[in-house]
file entry33.cif (mmCIF, C-alpha atoms)
data_entry
#
loop_
_atom_site.group_PDB
_atom_site.id
_atom_site.type_symbol
_atom_site.label_atom_id
_atom_site.label_comp_id
_atom_site.auth_asym_id
_atom_site.auth_seq_id
_atom_site.Cartn_x
_atom_site.Cartn_y
_atom_site.Cartn_z
ATOM 1 C CA MET A 1 0.000 0.000 0.000
ATOM 2 C CA ALA A 2 1.406 3.378 -0.964
ATOM 3 C CA SER A 3 2.002 5.807 1.873
ATOM 4 C CA THR A 4 1.760 9.577 1.667
ATOM 5 C CA THR A 5 3.322 10.280 5.045
ATOM 6 C CA SER A 6 6.841 10.685 3.648
ATOM 7 C CA GLY A 7 6.418 14.402 3.016
ATOM 8 C CA ASP A 8 5.372 14.225 -0.637
ATOM 9 C CA ALA A 9 2.296 15.979 -1.972
ATOM 10 C CA LEU A 10 -1.182 14.767 -1.217
ATOM 11 C CA PRO A 11 -2.310 11.961 -3.486
ATOM 12 C CA SER A 12 -4.513 12.717 -6.449
ATOM 13 C CA GLY A 13 -6.224 10.680 -9.095
ATOM 14 C CA GLY A 14 -6.271 6.936 -8.591
ATOM 15 C CA ARG A 15 -3.651 7.116 -5.833
ATOM 16 C CA ILE A 16 -6.365 8.089 -3.337
ATOM 17 C CA PHE A 17 -7.695 4.537 -3.566
ATOM 18 C CA THR A 18 -4.399 3.105 -2.335
ATOM 19 C CA SER A 19 -3.077 5.764 0.046
ATOM 20 C CA PHE A 20 -3.620 5.935 3.752
ATOM 21 C CA PRO A 21 -5.703 7.700 5.195
ATOM 22 C CA ASP A 22 -7.461 8.665 1.941
ATOM 23 C CA ILE A 23 -8.702 5.123 1.514
ATOM 24 C CA PHE A 24 -11.307 6.027 4.171
ATOM 25 C CA PHE A 25 -13.184 8.359 1.794
ATOM 26 C CA ILE A 26 -15.434 5.592 0.447
ATOM 27 C CA PRO A 27 -16.356 4.056 3.842
ATOM 28 C CA GLU A 28 -17.020 7.548 5.260
ATOM 29 C CA PHE A 29 -19.254 8.251 2.287
ATOM 30 C CA VAL A 30 -21.166 4.964 2.566
ATOM 31 C CA ILE A 31 -21.557 4.859 6.370
ATOM 32 C CA GLY A 32 -22.465 8.558 6.575
ATOM 33 C CA GLY A 33 -25.049 8.014 3.854
ATOM 34 C CA LEU A 34 -26.490 5.076 5.798
ATOM 35 C CA VAL A 35 -26.961 7.293 8.863
ATOM 36 C CA TRP A 36 -28.822 9.791 6.695
ATOM 37 C CA ILE A 37 -31.005 7.073 5.131
ATOM 38 C CA LEU A 38 -31.782 5.276 8.405
ATOM 39 C CA VAL A 39 -32.818 8.434 10.253
ATOM 40 C CA ALA A 40 -34.771 9.793 7.281
ATOM 41 C CA SER A 41 -36.645 6.513 6.789
ATOM 42 C CA ALA A 42 -38.216 6.815 10.230
ATOM 43 C CA LYS A 43 -40.395 9.537 11.659
ATOM 44 C CA VAL A 44 -38.101 12.482 12.476
ATOM 45 C CA ASP A 45 -39.598 13.242 15.868
ATOM 46 C CA PRO A 46 -38.468 15.058 18.004
ATOM 47 C CA ALA A 47 -37.334 17.416 15.272
ATOM 48 C CA ASN A 48 -34.678 19.383 17.164
ATOM 49 C CA PRO A 49 -32.082 16.714 18.025
ATOM 50 C CA LEU A 50 -32.879 14.601 14.986
ATOM 51 C CA GLY A 51 -32.685 17.697 12.804
ATOM 52 C CA TRP A 52 -29.095 18.082 13.998
ATOM 53 C CA VAL A 53 -28.396 14.434 13.153
ATOM 54 C CA MET A 54 -29.840 14.957 9.664
ATOM 55 C CA PHE A 55 -27.825 18.150 9.171
ATOM 56 C CA VAL A 56 -24.581 16.466 10.230
ATOM 57 C CA SER A 57 -25.107 13.383 8.090
ATOM 58 C CA ILE A 58 -26.074 15.395 4.992
ATOM 59 C CA PHE A 59 -23.321 17.998 5.533
ATOM 60 C CA CYS A 60 -20.622 15.344 5.960
ATOM 61 C CA PHE A 61 -21.999 13.306 3.050
ATOM 62 C CA VAL A 62 -21.867 16.320 0.717
ATOM 63 C CA MET A 63 -18.510 17.583 1.986
ATOM 64 C CA THR A 64 -16.890 14.143 1.818
ATOM 65 C CA THR A 65 -18.179 13.761 -1.743
ATOM 66 C CA LEU A 66 -16.802 17.196 -2.652
ATOM 67 C CA TRP A 67 -13.496 16.433 -0.874
ATOM 68 C CA PHE A 68 -13.260 13.087 -2.686
ATOM 69 C CA PHE A 69 -13.728 14.670 -6.117
ATOM 70 C CA ILE A 70 -11.250 17.467 -5.340
ATOM 71 C CA PHE A 71 -8.666 14.808 -4.445
ATOM 72 C CA LEU A 72 -9.627 12.652 -7.434
ATOM 73 C CA CYS A 73 -9.253 15.555 -9.877
ATOM 74 C CA GLY A 74 -5.951 16.707 -8.386
ATOM 75 C CA GLY A 75 -7.167 20.057 -7.059
ATOM 76 C CA ASN A 76 -5.442 19.423 -3.729
ATOM 77 C CA GLN A 77 -1.835 20.103 -4.666
ATOM 78 C CA SER A 78 -1.442 23.474 -2.908
ATOM 79 C CA SER A 79 0.511 23.579 0.363
ATOM 80 C CA ILE A 80 -2.632 24.538 2.350
ATOM 81 C CA TRP A 81 -4.479 21.297 1.565
ATOM 82 C CA PRO A 82 -2.939 19.052 4.250
ATOM 83 C CA ALA A 83 -4.109 21.530 6.924
ATOM 84 C CA LEU A 84 -7.557 21.833 5.317
ATOM 85 C CA ASP A 85 -7.858 18.050 5.137
ATOM 86 C CA THR A 86 -6.990 17.721 8.817
ATOM 87 C CA GLY A 87 -9.314 20.555 9.833
ATOM 88 C CA TYR A 88 -12.280 19.224 7.881
ATOM 89 C CA HIS A 89 -11.945 15.744 9.321
ATOM 90 C CA PHE A 90 -11.658 17.023 12.898
ATOM 91 C CA VAL A 91 -14.809 19.140 12.371
ATOM 92 C CA ALA A 92 -16.543 16.048 10.990
ATOM 93 C CA VAL A 93 -15.479 14.066 14.083
ATOM 94 C CA VAL A 94 -16.914 16.675 16.461
ATOM 95 C CA PHE A 95 -20.119 16.952 14.432
ATOM 96 C CA PHE A 96 -20.648 13.195 14.161
ATOM 97 C CA LEU A 97 -19.812 12.581 17.818
ATOM 98 C CA SER A 98 -22.382 15.151 18.936
ATOM 99 C CA ALA A 99 -24.952 13.753 16.507
ATOM 100 C CA SER A 100 -24.222 10.198 17.709
ATOM 101 C CA VAL A 101 -24.814 11.143 21.332
ATOM 102 C CA ASP A 102 -28.081 12.919 20.422
ATOM 103 C CA LEU A 103 -29.243 9.960 18.379
ATOM 104 C CA ALA A 104 -28.320 7.474 21.116
ATOM 105 C CA TYR A 105 -30.334 9.472 23.657
ATOM 106 C CA ILE A 106 -33.399 9.641 21.386
ATOM 107 C CA THR A 107 -33.065 5.902 20.702
ATOM 108 C CA TYR A 108 -32.938 5.224 24.439
ATOM 109 C CA GLU A 109 -36.096 7.302 24.960
ATOM 110 C CA ILE A 110 -37.916 5.441 22.180
ATOM 111 C CA GLY A 111 -36.815 2.147 23.764
ATOM 112 C CA GLN A 112 -38.412 3.265 27.029
ATOM 113 C CA GLN A 113 -41.624 4.050 25.135
ATOM 114 C CA VAL A 114 -41.558 0.581 23.550
ATOM 115 C CA LYS A 115 -41.184 -1.052 26.980
ATOM 116 C CA LEU A 116 -44.026 1.010 28.408
ATOM 117 C CA ALA A 117 -46.274 0.179 25.461
ATOM 118 C CA GLN A 118 -45.514 -3.529 25.890
ATOM 119 C CA VAL A 119 -46.336 -3.372 29.609
ATOM 120 C CA LEU A 120 -49.627 -1.634 28.855
ATOM 121 C CA ALA A 121 -50.364 -4.108 26.017
ATOM 122 C CA LEU A 122 -50.550 -1.313 23.430
ATOM 123 C CA PRO A 123 -49.697 -1.832 19.745
ATOM 124 C CA THR A 124 -45.948 -1.435 19.306
ATOM 125 C CA ALA A 125 -45.228 -2.506 15.700
ATOM 126 C CA GLU A 126 -44.565 0.979 14.276
ATOM 127 C CA LEU A 127 -42.681 2.173 17.348
ATOM 128 C CA LEU A 128 -40.575 -1.001 17.385
ATOM 129 C CA LYS A 129 -39.718 -0.498 13.695
ATOM 130 C CA ILE A 130 -38.544 3.076 14.392
ATOM 131 C CA TYR A 131 -36.584 1.862 17.426
ATOM 132 C CA ARG A 132 -34.761 -0.748 15.359
ATOM 133 C CA LEU A 133 -33.980 1.766 12.602
ATOM 134 C CA TYR A 134 -32.549 4.155 15.175
ATOM 135 C CA ILE A 135 -30.441 1.431 16.769
ATOM 136 C CA SER A 136 -28.921 0.766 13.343
ATOM 137 C CA ALA A 137 -28.432 4.503 12.808
ATOM 138 C CA VAL A 138 -26.662 4.856 16.180
ATOM 139 C CA VAL A 139 -24.255 2.039 15.331
ATOM 140 C CA MET A 140 -23.547 3.500 11.888
ATOM 141 C CA SER A 141 -23.127 6.969 13.381
ATOM 142 C CA TYR A 142 -20.489 5.785 15.832
ATOM 143 C CA VAL A 143 -18.733 3.840 13.059
ATOM 144 C CA ALA A 144 -18.717 7.023 10.934
ATOM 145 C CA THR A 145 -17.297 8.936 13.915
ATOM 146 C CA LEU A 146 -14.525 6.370 14.240
ATOM 147 C CA LEU A 147 -13.722 6.486 10.521
ATOM 148 C CA TYR A 148 -13.546 10.279 10.513
ATOM 149 C CA PHE A 149 -11.419 10.192 13.683
ATOM 150 C CA VAL A 150 -8.870 7.776 12.223
ATOM 151 C CA HIS A 151 -8.786 9.804 9.003
ATOM 152 C CA ALA A 152 -8.280 13.025 10.997
ATOM 153 C CA ILE A 153 -5.443 11.588 13.096
ATOM 154 C CA PHE A 154 -3.519 10.261 10.119
ATOM 155 C CA SER A 155 -4.198 13.446 8.142
ATOM 156 C CA ALA A 156 -2.705 15.417 11.031
ATOM 157 C CA ILE A 157 0.358 13.157 11.029
ATOM 158 C CA ARG A 158 0.712 13.645 7.274
ATOM 159 C CA TRP A 159 0.278 17.418 7.681
ATOM 160 C CA LYS A 160 2.970 17.641 10.363
ATOM 161 C CA ARG A 161 5.399 15.604 8.257
ATOM 162 C CA SER A 162 4.885 17.747 5.147
#
call {"tool": "encode", "arguments": {"input": "entry33.cif", "output": "structure tokens"}}
result
Amino acid sequence: MASTTSGDALPSGGRIFTSFPDIFFIPEFVIGGLVWILVASAKVDPANPLGWVMFVSIFCFVMTTLWFFIFLCGGNQSSIWPALDTGYHFVAVVFFLSASVDLAYITYEIGQQVKLAQVLALPTAELLKIYRLYISAVVMSYVATLLYFVHAIFSAIRWKRS
């Protein structure tokens, strides 16, 4: 696997598919998109914390796509790009971590509602479906946070070595 931590320029073109940490672009894109899809496929209620989760997942999805195409087309060869790459990924980590905590709390609250509905023998099919979707979204959100974190750390190492 080619390494870009030796002080050379950031990879561009097809080299981003074989260089570390840029190989994380595709998993960040896919996992972040899954968070967006899983939250959007359920009822977005309460709107305030879940609105933040939607904003973060869409923002990071769009920015990672833009970042990916900038790297793919070779527009990242200026000396400022290693710092920008590091900064963007650290912002994405903070955003996704805050969204993950919000989503985990909402999922916990929905789980409590499911338990209460089961105790009271109320219909729980729709609520249980939303609960399961949110559990999946929480897992994907924390995985996305981890991917962005690893990418940010190794981008910072690459930046300091350049």
call {"tool": "closest_residue", "arguments": {"input": "entry33.cif", "among": "A:Ala117, A:Leu128, A:Ile135, A:Ala144", "to": "Phe25 (chain A)", "atoms": "all atoms listed in the file"}}
result
A:Ala144
call {"tool": "atom_distance", "arguments": {"input": "entry33.cif", "atom1": "CA of Tyr142 (chain A)", "atom2": "CA of Val30 (chain A)"}}
result
13.3 Å
call {"tool": "residues_around", "arguments": {"input": "entry33.cif", "residues": "Leu66 (chain A)", "least_positions_apart": "6", "cutoff": "12 Å", "atoms": "all atoms listed in the file", "output": "VMD selection string"}}
result
chain A and resid 25 29 59 to 60 72 to 73 75 to 76 85 88
call {"tool": "atom_distance", "arguments": {"input": "entry33.cif", "atom1": "CA of Ala92 (chain A)", "atom2": "CA of Phe69 (chain A)"}}
result
17.4 Å
call {"tool": "resolve_selection", "arguments": {"input": "entry33.cif", "expression": "the PyMOL selection byres ((chain A and resi 131) around 12)", "output": "PyMOL selection string"}}
result
chain A and resi 38-39+41-45+103-115+124-130+132-138
call {"tool": "closest_residue", "arguments": {"input": "entry33.cif", "among": "A:Ile26, A:Val93, A:Leu120, A:Ala99", "to": "Leu146 (chain A)", "atoms": "only C-alpha atoms"}}
result
A:Val93
call {"tool": "resolve_selection", "arguments": {"input": "entry33.cif", "expression": "the PyMOL selection byres ((chain A and resi 55) around 12)", "output": "NGL selection string"}}
result
:A and (32-33 or 35-36 or 39-40 or 47-54 or 56-63 or 92 or 95-96 or 98-99)
call {"tool": "closest_residue", "arguments": {"input": "entry33.cif", "among": "A:Ser78, A:Thr65, A:Thr86, A:Ser100", "to": "Ile153 (chain A)", "atoms": "all atoms listed in the file"}}
result
A:Thr86
call {"tool": "atom_distance", "arguments": {"input": "entry33.cif", "atom1": "CA of Val101 (chain A)", "atom2": "CA of Gly87 (chain A)"}}
result
21.5 Å
call {"tool": "axis_aligned_box", "arguments": {"input": "entry33.cif", "around": "region 18-23 of chain A", "padding_each_side": "6 Å", "output": "JSON"}}
result
{"center_x": -5.9, "center_y": 5.9, "center_z": 1.4, "size_x": 17.6, "size_y": 17.6, "size_z": 19.5}
call {"tool": "residues_around", "arguments": {"input": "entry33.cif", "residues": "His89 (chain A)", "least_positions_apart": "4", "cutoff": "9 Å", "atoms": "all atoms listed in the file", "output": "PyMOL selection string"}}
result
chain A and resi 84-85+93-94+148-149+151-153+155
call {"tool": "residues_around", "arguments": {"input": "entry33.cif", "residues": "Leu147 (chain A)", "least_positions_apart": "6", "cutoff": "8 Å", "atoms": "only C-alpha atoms", "output": "mmCIF file with C-alpha atoms, in the frame of the given file"}}
result
data_model
loop_
_atom_site.group_PDB
_atom_site.id
_atom_site.type_symbol
_atom_site.label_atom_id
_atom_site.label_comp_id
_atom_site.auth_asym_id
_atom_site.auth_seq_id
_atom_site.Cartn_x
_atom_site.Cartn_y
_atom_site.Cartn_z
ATOM 1 C CA PHE A 24 -11.307 6.027 4.171
ATOM 2 C CA PRO A 27 -16.356 4.056 3.842
ATOM 3 C CA GLU A 28 -17.020 7.548 5.260
#
call {"tool": "closest_residue", "arguments": {"input": "entry33.cif", "among": "A:Leu116, A:Pro82, A:Val143, A:Phe68", "to": "Lys160 (chain A)", "atoms": "all atoms listed in the file"}}
result
A:Pro82
call {"tool": "decode", "arguments": {"input": "entry33.cif", "residues": "region 95-122 of chain A", "atoms": "N, CA, C and O atoms", "output": "CSV table (one decimal), in the first residue's frame"}}
result
chain,number,residue,atom,x,y,z
A,95,PHE,N,-18.7,17.0,14.9
A,95,PHE,CA,-20.1,17.0,14.4
A,95,PHE,C,-20.7,15.6,14.6
A,95,PHE,O,-21.8,15.4,15.2
A,96,PHE,N,-20.1,14.5,14.1
A,96,PHE,CA,-20.6,13.2,14.2
A,96,PHE,C,-20.7,12.7,15.6
A,96,PHE,O,-21.7,12.0,15.9
A,97,LEU,N,-19.7,13.0,16.4
A,97,LEU,CA,-19.8,12.6,17.8
A,97,LEU,C,-21.0,13.2,18.5
A,97,LEU,O,-21.7,12.5,19.2
A,98,SER,N,-21.2,14.5,18.3
A,98,SER,CA,-22.4,15.2,18.9
A,98,SER,C,-23.7,14.6,18.4
A,98,SER,O,-24.6,14.4,19.1
A,99,ALA,N,-23.7,14.3,17.1
A,99,ALA,CA,-25.0,13.8,16.5
A,99,ALA,C,-25.2,12.3,17.0
A,99,ALA,O,-26.3,11.9,17.3
A,100,SER,N,-24.1,11.6,17.2
A,100,SER,CA,-24.2,10.2,17.7
A,100,SER,C,-24.8,10.2,19.1
A,100,SER,O,-25.6,9.3,19.4
A,101,VAL,N,-24.3,11.1,20.0
A,101,VAL,CA,-24.8,11.1,21.3
A,101,VAL,C,-26.3,11.5,21.3
A,101,VAL,O,-27.1,10.9,22.0
A,102,ASP,N,-26.7,12.5,20.5
A,102,ASP,CA,-28.1,12.9,20.4
A,102,ASP,C,-28.9,11.8,20.0
A,102,ASP,O,-30.0,11.5,20.5
A,103,LEU,N,-28.5,11.1,18.9
A,103,LEU,CA,-29.2,10.0,18.4
A,103,LEU,C,-29.3,8.8,19.4
A,103,LEU,O,-30.4,8.2,19.5
A,104,ALA,N,-28.3,8.5,20.1
A,104,ALA,CA,-28.3,7.5,21.1
A,104,ALA,C,-29.3,7.8,22.2
A,104,ALA,O,-30.1,6.9,22.7
A,105,TYR,N,-29.4,9.1,22.6
A,105,TYR,CA,-30.3,9.5,23.7
A,105,TYR,C,-31.8,9.3,23.2
A,105,TYR,O,-32.6,8.8,23.9
A,106,ILE,N,-32.0,9.8,22.0
A,106,ILE,CA,-33.4,9.6,21.4
A,106,ILE,C,-33.8,8.2,21.2
A,106,ILE,O,-34.9,7.8,21.5
A,107,THR,N,-32.8,7.3,20.8
A,107,THR,CA,-33.1,5.9,20.7
A,107,THR,C,-33.4,5.3,22.1
A,107,THR,O,-34.3,4.5,22.2
A,108,TYR,N,-32.7,5.7,23.1
A,108,TYR,CA,-32.9,5.2,24.4
A,108,TYR,C,-34.4,5.6,24.9
A,108,TYR,O,-35.1,4.8,25.4
A,109,GLU,N,-34.7,6.8,24.6
A,109,GLU,CA,-36.1,7.3,25.0
A,109,GLU,C,-37.2,6.5,24.2
A,109,GLU,O,-38.2,6.1,24.8
A,110,ILE,N,-36.9,6.2,22.9
A,110,ILE,CA,-37.9,5.4,22.2
A,110,ILE,C,-38.0,4.0,22.7
A,110,ILE,O,-39.0,3.4,22.8
A,111,GLY,N,-36.8,3.5,23.1
A,111,GLY,CA,-36.8,2.1,23.8
A,111,GLY,C,-37.6,2.1,25.0
A,111,GLY,O,-38.3,1.1,25.3
A,112,GLN,N,-37.6,3.2,25.8
A,112,GLN,CA,-38.4,3.3,27.0
A,112,GLN,C,-39.9,3.3,26.7
A,112,GLN,O,-40.7,2.7,27.4
A,113,GLN,N,-40.2,4.0,25.6
A,113,GLN,CA,-41.6,4.0,25.1
A,113,GLN,C,-42.1,2.7,24.7
A,113,GLN,O,-43.2,2.3,24.9
A,114,VAL,N,-41.2,1.9,24.0
A,114,VAL,CA,-41.6,0.6,23.6
A,114,VAL,C,-41.8,-0.3,24.8
A,114,VAL,O,-42.8,-1.1,24.8
A,115,LYS,N,-41.0,-0.2,25.8
A,115,LYS,CA,-41.2,-1.1,27.0
A,115,LYS,C,-42.5,-0.7,27.7
A,115,LYS,O,-43.2,-1.6,28.1
A,116,LEU,N,-42.8,0.6,27.8
A,116,LEU,CA,-44.0,1.0,28.4
A,116,LEU,C,-45.2,0.5,27.6
A,116,LEU,O,-46.2,0.1,28.2
A,117,ALA,N,-45.2,0.6,26.3
A,117,ALA,CA,-46.3,0.2,25.5
A,117,ALA,C,-46.5,-1.3,25.6
A,117,ALA,O,-47.6,-1.8,25.6
A,118,GLN,N,-45.4,-2.1,25.7
A,118,GLN,CA,-45.5,-3.5,25.9
A,118,GLN,C,-46.1,-3.9,27.2
A,118,GLN,O,-46.9,-4.8,27.3
A,119,VAL,N,-45.8,-3.1,28.3
A,119,VAL,CA,-46.3,-3.4,29.6
A,119,VAL,C,-47.8,-3.1,29.6
A,119,VAL,O,-48.6,-3.8,30.2
A,120,LEU,N,-48.2,-2.0,28.9
A,120,LEU,CA,-49.6,-1.6,28.9
A,120,LEU,C,-50.4,-2.4,27.8
A,120,LEU,O,-51.6,-2.1,27.6
A,121,ALA,N,-49.8,-3.3,27.1
A,121,ALA,CA,-50.4,-4.1,26.0
A,121,ALA,C,-50.9,-3.2,24.9
A,121,ALA,O,-52.0,-3.5,24.3
A,122,LEU,N,-50.2,-2.2,24.5
A,122,LEU,CA,-50.5,-1.3,23.4
A,122,LEU,C,-49.8,-1.8,22.2
A,122,LEU,O,-48.8,-2.5,22.2
